[in-house]
Amino acid sequence: MSVPPEIFDEDYLYFYDELFGPERSDADADLVARLLALEPGMRVLDAPCGEGRIAGRLARRGCEVVGIDNNERLLARAREQYPAAAFELVDLRSLRYEHEFEIVVNWFSSFGYFDPETNDAVLAAFARALRPGGRLLLEMHNPWHLARLIEAGGGRSAYVVERGADLMVDRASYDEAARRSRTERFIIRDGRVRKLEFSLEQVPAPQLVGRLRRAGFPEVALFGAGGAAFEPAGPRLIALAGTGEASPRPQVSLREVTRDNAHAVCGLVLAPGQERYVAPSADTLVDGAFDSRGWVRAIYADEQLVGVLALIVDTEPARYMLARLMIDARHQGRGFGRDAIRLLAEHVRTLPDARGLETTCIPGPQTPAGFYRALGFEDTGRVEHGQDVLQLVL
């Protein structure tokens, strides 16, 4: 287990009481209730519930709430403070509920305690616990923001909580390849110093959407801090996932960039960390405007603009190069890039002497080469301007 039980001891309660006073907890519970459109009588599972601050407040609203945690100290406090809710000693890895709840709440970075396979099993257990049409609300750090914060701090960031003369100091680092945060916690209390360590899997928005769908949640909507629209650079990531039947898949199309949509295309946002590998959409439009070989198209899902691509057409000899593919960070992980490539390949097949579609990828930890290989692109062994050349045989 990457988060040892001693993290949630008396020192945890001592310092987090400062962070989660009544005002903050009331605001969190209000946000949970608003995003889920909670009504009295709904059966809710809060997993894990900690000391019960969310579970207890939802129970006060008339919901039938069960809070679970594997820490008896926290549960004892929850039972004392919030008698309107039921609290049970249960490990997330051994959930056995079957279609018992309308709502599951996983709040304040309580996902990612284990290895990826076990974390996925927890998501699947949440889905099984829900009745048809049930919903999961999951709130966590936005890994893109966390990685940038740590990068700006030279590879580590520090967070300090003070209570009188006592301190809790978290020093965090981020393993981008493993997508895990690693935290050293220093407790300085009553002249005593302790050091604890824990690690969390950090799942970026696109991957979280995909994993929720595979776990049994075909409907996923993302929000940012306070329930606002999700922003790639924002500090929090909230997923509202439903078990109901999936909505019809949006129809992806490639459309000409015109005066009417050019400004919106320029407003497309890269995910943090992708700037090294993909140029901004405004650069794509400028490059296309001044290159007679360029074929630039906006990518739409139904009527929603989600990305942009650029094809370079050389005729003598015939060569067709995907020079740019960008999907807005808020729409990644939904298959729109894959559908856009399929449509582009269909277009290229209509062009003279088209035998292949090429693209180039900058090597690195977030290179899109794996994405292209999954779509049938193969390594050519060639390198151009420091970038690997891949080809899709048409």
# chains A, B, ... in the order shown; residues from 1 in each chain; ligands from 1
call {"tool": "select_by_dssp", "arguments": {"residues": "stretch 202-354 of chain A", "states": "strand (DSSP E or B)", "output": "PyMOL selection string"}}
result
chain A and resi 219-223+229+236-242+252-256+294-301+304-315+318-327
call {"tool": "write_last_selection", "arguments": {"atoms": "C-alpha atoms", "output": "short mmCIF file (atom, residue, chain, number, x, y, z; two decimals), in the first residue's frame"}}
result
data_model
loop_
_atom_site.label_atom_id
_atom_site.label_comp_id
_atom_site.auth_asym_id
_atom_site.auth_seq_id
_atom_site.Cartn_x
_atom_site.Cartn_y
_atom_site.Cartn_z
CA GLU A 219 -20.82 8.76 -19.03
CA VAL A 220 -18.04 11.03 -17.72
CA ALA A 221 -18.01 14.81 -17.25
CA LEU A 222 -15.04 16.78 -15.91
CA PHE A 223 -14.98 19.84 -13.68
CA ALA A 229 -15.23 24.14 -16.11
CA ARG A 236 -8.20 20.30 -9.03
CA LEU A 237 -9.83 17.62 -11.18
CA ILE A 238 -13.38 16.45 -10.52
CA ALA A 239 -14.98 13.61 -12.45
CA LEU A 240 -18.74 13.00 -12.44
CA ALA A 241 -19.23 9.51 -13.85
CA GLY A 242 -22.50 7.70 -14.53
CA VAL A 252 -16.21 13.74 -35.81
CA SER A 253 -15.70 15.87 -38.92
CA LEU A 254 -12.92 17.90 -40.54
CA ARG A 255 -13.97 21.42 -41.51
CA GLU A 256 -12.32 24.33 -43.24
CA GLY A 294 -0.70 23.23 -46.43
CA TRP A 295 -4.16 21.73 -45.92
CA VAL A 296 -5.47 22.85 -42.51
CA ARG A 297 -8.72 21.61 -41.01
CA ALA A 298 -10.55 22.19 -37.75
CA ILE A 299 -11.69 19.03 -35.96
CA TYR A 300 -15.28 19.00 -34.71
CA ALA A 301 -17.21 16.51 -32.56
CA GLN A 304 -18.06 21.26 -30.73
CA LEU A 305 -14.62 22.40 -31.89
CA VAL A 306 -12.11 19.97 -30.36
CA GLY A 307 -8.87 20.29 -32.34
CA VAL A 308 -6.95 21.13 -35.50
CA LEU A 309 -4.71 19.30 -37.95
CA ALA A 310 -2.44 20.25 -40.84
CA LEU A 311 -1.43 18.15 -43.83
CA ILE A 312 1.55 19.03 -46.04
CA VAL A 313 1.09 17.93 -49.66
CA ASP A 314 4.13 17.45 -51.88
CA THR A 315 3.38 16.26 -55.42
CA ALA A 318 4.12 12.49 -54.03
CA ARG A 319 4.49 12.73 -50.26
CA TYR A 320 1.78 13.39 -47.70
CA MET A 321 2.86 14.50 -44.23
CA LEU A 322 0.68 15.04 -41.17
CA ALA A 323 2.55 18.07 -39.89
CA ARG A 324 0.30 18.86 -36.94
CA LEU A 325 -2.43 17.18 -34.89
CA MET A 326 -3.70 18.91 -31.77
CA ILE A 327 -6.68 17.92 -29.64
#
call {"tool": "residues_around", "arguments": {"residues": "A:Leu74", "least_positions_apart": "6", "cutoff": "8 Å", "atoms": "only C-alpha atoms", "output": "list in words"}}
result
Phe8, Gly50, Glu51 and Gly52 of chain A
call {"tool": "write_last_selection", "arguments": {"atoms": "N, CA and C atoms", "output": "PDB file, in the first residue's frame"}}
result
ATOM      1  N   PHE A   8      -2.740   8.562   8.743  1.00  0.00           N
ATOM      2  CA  PHE A   8      -4.015   9.060   9.259  1.00  0.00           C
ATOM      3  C   PHE A   8      -4.123   8.834  10.769  1.00  0.00           C
ATOM      4  N   GLY A  50     -12.964   9.036   5.903  1.00  0.00           N
ATOM      5  CA  GLY A  50     -12.155   9.723   6.904  1.00  0.00           C
ATOM      6  C   GLY A  50     -12.934   9.951   8.179  1.00  0.00           C
ATOM      7  N   GLU A  51     -12.841  11.163   8.692  1.00  0.00           N
ATOM      8  CA  GLU A  51     -13.537  11.496   9.946  1.00  0.00           C
ATOM      9  C   GLU A  51     -14.993  11.873   9.736  1.00  0.00           C
ATOM     10  N   GLY A  52     -15.506  11.718   8.505  1.00  0.00           N
ATOM     11  CA  GLY A  52     -16.937  11.827   8.258  1.00  0.00           C
ATOM     12  C   GLY A  52     -17.460  13.199   7.912  1.00  0.00           C
TER      13      GLY A  52
END
call {"tool": "select_by_dssp", "arguments": {"residues": "stretch 103-168 of chain A", "states": "helix (DSSP H, G or I)", "output": "ChimeraX atom specification"}}
result
/A:116-129,143-152
call {"tool": "write_last_selection", "arguments": {"atoms": "N, CA and C atoms", "output": "CSV table (one decimal), in the first residue's frame"}}
result
chain,number,residue,atom,x,y,z
A,116,PRO,N,-1.7,0.8,-10.3
A,116,PRO,CA,-2.8,1.1,-11.2
A,116,PRO,C,-3.8,0.0,-11.4
A,117,GLU,N,-3.4,-1.3,-11.3
A,117,GLU,CA,-4.4,-2.4,-11.5
A,117,GLU,C,-5.4,-2.4,-10.3
A,118,THR,N,-4.8,-2.2,-9.1
A,118,THR,CA,-5.7,-2.2,-7.9
A,118,THR,C,-6.6,-0.9,-7.9
A,119,ASN,N,-6.1,0.2,-8.3
A,119,ASN,CA,-6.9,1.4,-8.4
A,119,ASN,C,-8.0,1.2,-9.4
A,120,ASP,N,-7.8,0.5,-10.5
A,120,ASP,CA,-8.8,0.2,-11.5
A,120,ASP,C,-9.9,-0.7,-10.9
A,121,ALA,N,-9.4,-1.7,-10.1
A,121,ALA,CA,-10.3,-2.6,-9.4
A,121,ALA,C,-11.2,-1.8,-8.5
A,122,VAL,N,-10.7,-0.8,-7.8
A,122,VAL,CA,-11.5,0.1,-6.9
A,122,VAL,C,-12.6,0.8,-7.7
A,123,LEU,N,-12.2,1.3,-8.9
A,123,LEU,CA,-13.2,2.0,-9.7
A,123,LEU,C,-14.3,1.0,-10.1
A,124,ALA,N,-13.9,-0.2,-10.5
A,124,ALA,CA,-14.9,-1.2,-10.9
A,124,ALA,C,-15.8,-1.6,-9.8
A,125,ALA,N,-15.2,-1.6,-8.5
A,125,ALA,CA,-16.1,-1.9,-7.4
A,125,ALA,C,-17.1,-0.8,-7.1
A,126,PHE,N,-16.7,0.4,-7.3
A,126,PHE,CA,-17.6,1.6,-7.2
A,126,PHE,C,-18.8,1.4,-8.2
A,127,ALA,N,-18.4,1.0,-9.4
A,127,ALA,CA,-19.5,0.8,-10.4
A,127,ALA,C,-20.5,-0.3,-10.0
A,128,ARG,N,-19.9,-1.4,-9.4
A,128,ARG,CA,-20.8,-2.5,-9.0
A,128,ARG,C,-21.7,-2.1,-7.8
A,129,ALA,N,-21.2,-1.2,-7.0
A,129,ALA,CA,-21.9,-0.8,-5.8
A,129,ALA,C,-23.1,0.1,-6.2
A,143,PRO,N,-3.2,16.3,-12.0
A,143,PRO,CA,-1.7,16.0,-12.2
A,143,PRO,C,-1.0,16.9,-13.0
A,144,TRP,N,-1.6,17.5,-14.1
A,144,TRP,CA,-0.9,18.5,-14.9
A,144,TRP,C,-0.4,19.7,-14.1
A,145,HIS,N,-1.3,20.2,-13.2
A,145,HIS,CA,-1.0,21.3,-12.4
A,145,HIS,C,0.1,20.9,-11.4
A,146,LEU,N,0.0,19.7,-10.8
A,146,LEU,CA,0.9,19.3,-9.8
A,146,LEU,C,2.3,19.1,-10.4
A,147,ALA,N,2.4,18.5,-11.6
A,147,ALA,CA,3.7,18.4,-12.2
A,147,ALA,C,4.3,19.7,-12.5
A,148,ARG,N,3.5,20.7,-13.0
A,148,ARG,CA,4.1,22.0,-13.3
A,148,ARG,C,4.6,22.7,-12.0
A,149,LEU,N,3.8,22.5,-10.9
A,149,LEU,CA,4.2,23.1,-9.6
A,149,LEU,C,5.5,22.6,-9.1
A,150,ILE,N,5.7,21.3,-9.3
A,150,ILE,CA,6.9,20.7,-8.8
A,150,ILE,C,8.1,21.0,-9.7
A,151,GLU,N,7.8,21.1,-11.0
A,151,GLU,CA,8.8,21.5,-12.0
A,151,GLU,C,9.3,22.9,-11.7
A,152,ALA,N,8.4,23.8,-11.4
A,152,ALA,CA,8.8,25.2,-11.0
A,152,ALA,C,9.6,25.3,-9.8
call {"tool": "closest_residue", "arguments": {"among": "A:Ile7, A:Asp328, A:Asp302, A:Ala55", "to": "A:Val265", "atoms": "only C-alpha atoms"}}
result
A:Asp328
call {"tool": "atom_distance", "arguments": {"atom1": "atom CA of A:Gly335", "atom2": "atom CA of A:Pro363"}}
result
22.6 Å
call {"tool": "atom_distance", "arguments": {"atom1": "atom CA of A:Ala354", "atom2": "atom CA of A:Val389"}}
result
17.0 Å
call {"tool": "residues_around", "arguments": {"residues": "A:Gly356", "least_positions_apart": "3", "cutoff": "12 Å", "atoms": "only C-alpha atoms", "output": "list in words"}}
result
Val313, Ala318, Arg319, Tyr320, Met321, Leu322, Leu344, Ala345, Glu346, His347, Val348, Arg349, Thr350, Leu351, Pro352, Asp353, Thr359, Gly376, Phe377, Glu378, Thr380, Leu390, Gln391, Leu392, Val393 and Leu394 of chain A
call {"tool": "write_last_selection", "arguments": {"atoms": "N, CA and C atoms", "output": "PDB file, in the first residue's frame"}}
result
ATOM      1  N   VAL A 313       1.234  18.695 -48.421  1.00  0.00           N
ATOM      2  CA  VAL A 313       1.089  17.934 -49.665  1.00  0.00           C
ATOM      3  C   VAL A 313       2.241  18.287 -50.610  1.00  0.00           C
ATOM      4  N   ALA A 318       5.280  12.398 -54.923  1.00  0.00           N
ATOM      5  CA  ALA A 318       4.123  12.490 -54.028  1.00  0.00           C
ATOM      6  C   ALA A 318       4.518  12.107 -52.603  1.00  0.00           C
ATOM      7  N   ARG A 319       4.240  13.003 -51.675  1.00  0.00           N
ATOM      8  CA  ARG A 319       4.489  12.727 -50.263  1.00  0.00           C
ATOM      9  C   ARG A 319       3.455  13.491 -49.442  1.00  0.00           C
ATOM     10  N   TYR A 320       2.836  12.802 -48.509  1.00  0.00           N
ATOM     11  CA  TYR A 320       1.777  13.394 -47.696  1.00  0.00           C
ATOM     12  C   TYR A 320       2.166  13.278 -46.229  1.00  0.00           C
ATOM     13  N   MET A 321       2.309  14.433 -45.585  1.00  0.00           N
ATOM     14  CA  MET A 321       2.861  14.500 -44.234  1.00  0.00           C
ATOM     15  C   MET A 321       1.873  15.170 -43.283  1.00  0.00           C
ATOM     16  N   LEU A 322       1.464  14.444 -42.249  1.00  0.00           N
ATOM     17  CA  LEU A 322       0.685  15.041 -41.166  1.00  0.00           C
ATOM     18  C   LEU A 322       1.644  15.888 -40.335  1.00  0.00           C
ATOM     19  N   LEU A 344      -8.613  11.761 -42.064  1.00  0.00           N
ATOM     20  CA  LEU A 344      -7.498  12.289 -42.846  1.00  0.00           C
ATOM     21  C   LEU A 344      -6.971  11.227 -43.807  1.00  0.00           C
ATOM     22  N   ALA A 345      -6.847   9.999 -43.335  1.00  0.00           N
ATOM     23  CA  ALA A 345      -6.360   8.920 -44.199  1.00  0.00           C
ATOM     24  C   ALA A 345      -7.308   8.708 -45.380  1.00  0.00           C
ATOM     25  N   GLU A 346      -8.612   8.789 -45.118  1.00  0.00           N
ATOM     26  CA  GLU A 346      -9.580   8.655 -46.212  1.00  0.00           C
ATOM     27  C   GLU A 346      -9.383   9.763 -47.240  1.00  0.00           C
ATOM     28  N   HIS A 347      -9.115  10.983 -46.783  1.00  0.00           N
ATOM     29  CA  HIS A 347      -8.878  12.100 -47.699  1.00  0.00           C
ATOM     30  C   HIS A 347      -7.603  11.879 -48.520  1.00  0.00           C
ATOM     31  N   VAL A 348      -6.527  11.463 -47.847  1.00  0.00           N
ATOM     32  CA  VAL A 348      -5.250  11.291 -48.548  1.00  0.00           C
ATOM     33  C   VAL A 348      -5.363  10.200 -49.612  1.00  0.00           C
ATOM     34  N   ARG A 349      -6.155   9.174 -49.367  1.00  0.00           N
ATOM     35  CA  ARG A 349      -6.306   8.099 -50.354  1.00  0.00           C
ATOM     36  C   ARG A 349      -6.881   8.601 -51.678  1.00  0.00           C
ATOM     37  N   THR A 350      -7.560   9.746 -51.648  1.00  0.00           N
ATOM     38  CA  THR A 350      -8.138  10.296 -52.877  1.00  0.00           C
ATOM     39  C   THR A 350      -7.139  11.133 -53.664  1.00  0.00           C
ATOM     40  N   LEU A 351      -5.946  11.373 -53.117  1.00  0.00           N
ATOM     41  CA  LEU A 351      -4.969  12.257 -53.741  1.00  0.00           C
ATOM     42  C   LEU A 351      -4.033  11.472 -54.659  1.00  0.00           C
ATOM     43  N   PRO A 352      -3.383  12.122 -55.612  1.00  0.00           N
ATOM     44  CA  PRO A 352      -2.560  11.429 -56.608  1.00  0.00           C
ATOM     45  C   PRO A 352      -1.407  10.643 -55.985  1.00  0.00           C
ATOM     46  N   ASP A 353      -1.266   9.408 -56.426  1.00  0.00           N
ATOM     47  CA  ASP A 353      -0.133   8.542 -56.065  1.00  0.00           C
ATOM     48  C   ASP A 353       0.043   8.385 -54.548  1.00  0.00           C
ATOM     49  N   THR A 359       4.138  11.035 -40.558  1.00  0.00           N
ATOM     50  CA  THR A 359       4.164  12.053 -39.517  1.00  0.00           C
ATOM     51  C   THR A 359       5.495  11.949 -38.790  1.00  0.00           C
ATOM     52  N   GLY A 376      -1.714   2.158 -36.411  1.00  0.00           N
ATOM     53  CA  GLY A 376      -1.169   1.475 -37.572  1.00  0.00           C
ATOM     54  C   GLY A 376       0.052   2.114 -38.186  1.00  0.00           C
ATOM     55  N   PHE A 377       0.493   3.252 -37.659  1.00  0.00           N
ATOM     56  CA  PHE A 377       1.726   3.867 -38.151  1.00  0.00           C
ATOM     57  C   PHE A 377       2.916   2.989 -37.753  1.00  0.00           C
ATOM     58  N   GLU A 378       3.904   2.920 -38.629  1.00  0.00           N
ATOM     59  CA  GLU A 378       5.091   2.119 -38.372  1.00  0.00           C
ATOM     60  C   GLU A 378       6.334   2.988 -38.438  1.00  0.00           C
ATOM     61  N   THR A 380       9.782   4.189 -39.619  1.00  0.00           N
ATOM     62  CA  THR A 380      10.508   4.076 -40.882  1.00  0.00           C
ATOM     63  C   THR A 380      12.007   3.952 -40.681  1.00  0.00           C
ATOM     64  N   LEU A 390       7.302   8.350 -38.850  1.00  0.00           N
ATOM     65  CA  LEU A 390       6.433   7.181 -38.872  1.00  0.00           C
ATOM     66  C   LEU A 390       5.556   7.247 -40.120  1.00  0.00           C
ATOM     67  N   GLN A 391       5.099   6.072 -40.591  1.00  0.00           N
ATOM     68  CA  GLN A 391       4.272   6.038 -41.791  1.00  0.00           C
ATOM     69  C   GLN A 391       3.114   5.080 -41.636  1.00  0.00           C
ATOM     70  N   LEU A 392       1.950   5.526 -42.105  1.00  0.00           N
ATOM     71  CA  LEU A 392       0.765   4.675 -42.222  1.00  0.00           C
ATOM     72  C   LEU A 392       0.625   4.283 -43.684  1.00  0.00           C
ATOM     73  N   VAL A 393       0.728   2.998 -43.971  1.00  0.00           N
ATOM     74  CA  VAL A 393       0.593   2.532 -45.348  1.00  0.00           C
ATOM     75  C   VAL A 393      -0.884   2.560 -45.730  1.00  0.00           C
ATOM     76  N   LEU A 394      -1.173   3.203 -46.871  1.00  0.00           N
ATOM     77  CA  LEU A 394      -2.565   3.364 -47.307  1.00  0.00           C
ATOM     78  C   LEU A 394      -2.958   2.293 -48.324  1.00  0.00           C
TER      79      LEU A 394
END
call {"tool": "closest_atom_pairs", "arguments": {"of": "stretch 212-330 of chain A", "to": "stretch 19-30 of chain A", "cutoff": "12 Å", "atoms": "only C-alpha atoms", "output": "Markdown table"}}
result
| residue | atom | partner | partner_atom | distance |
| --- | --- | --- | --- | --- |
| A:Ala225 | CA | A:Asp28 | CA | 10.4 |
| A:Gly226 | CA | A:Asp28 | CA | 8.3 |
| A:Gly227 | CA | A:Asp28 | CA | 10.2 |
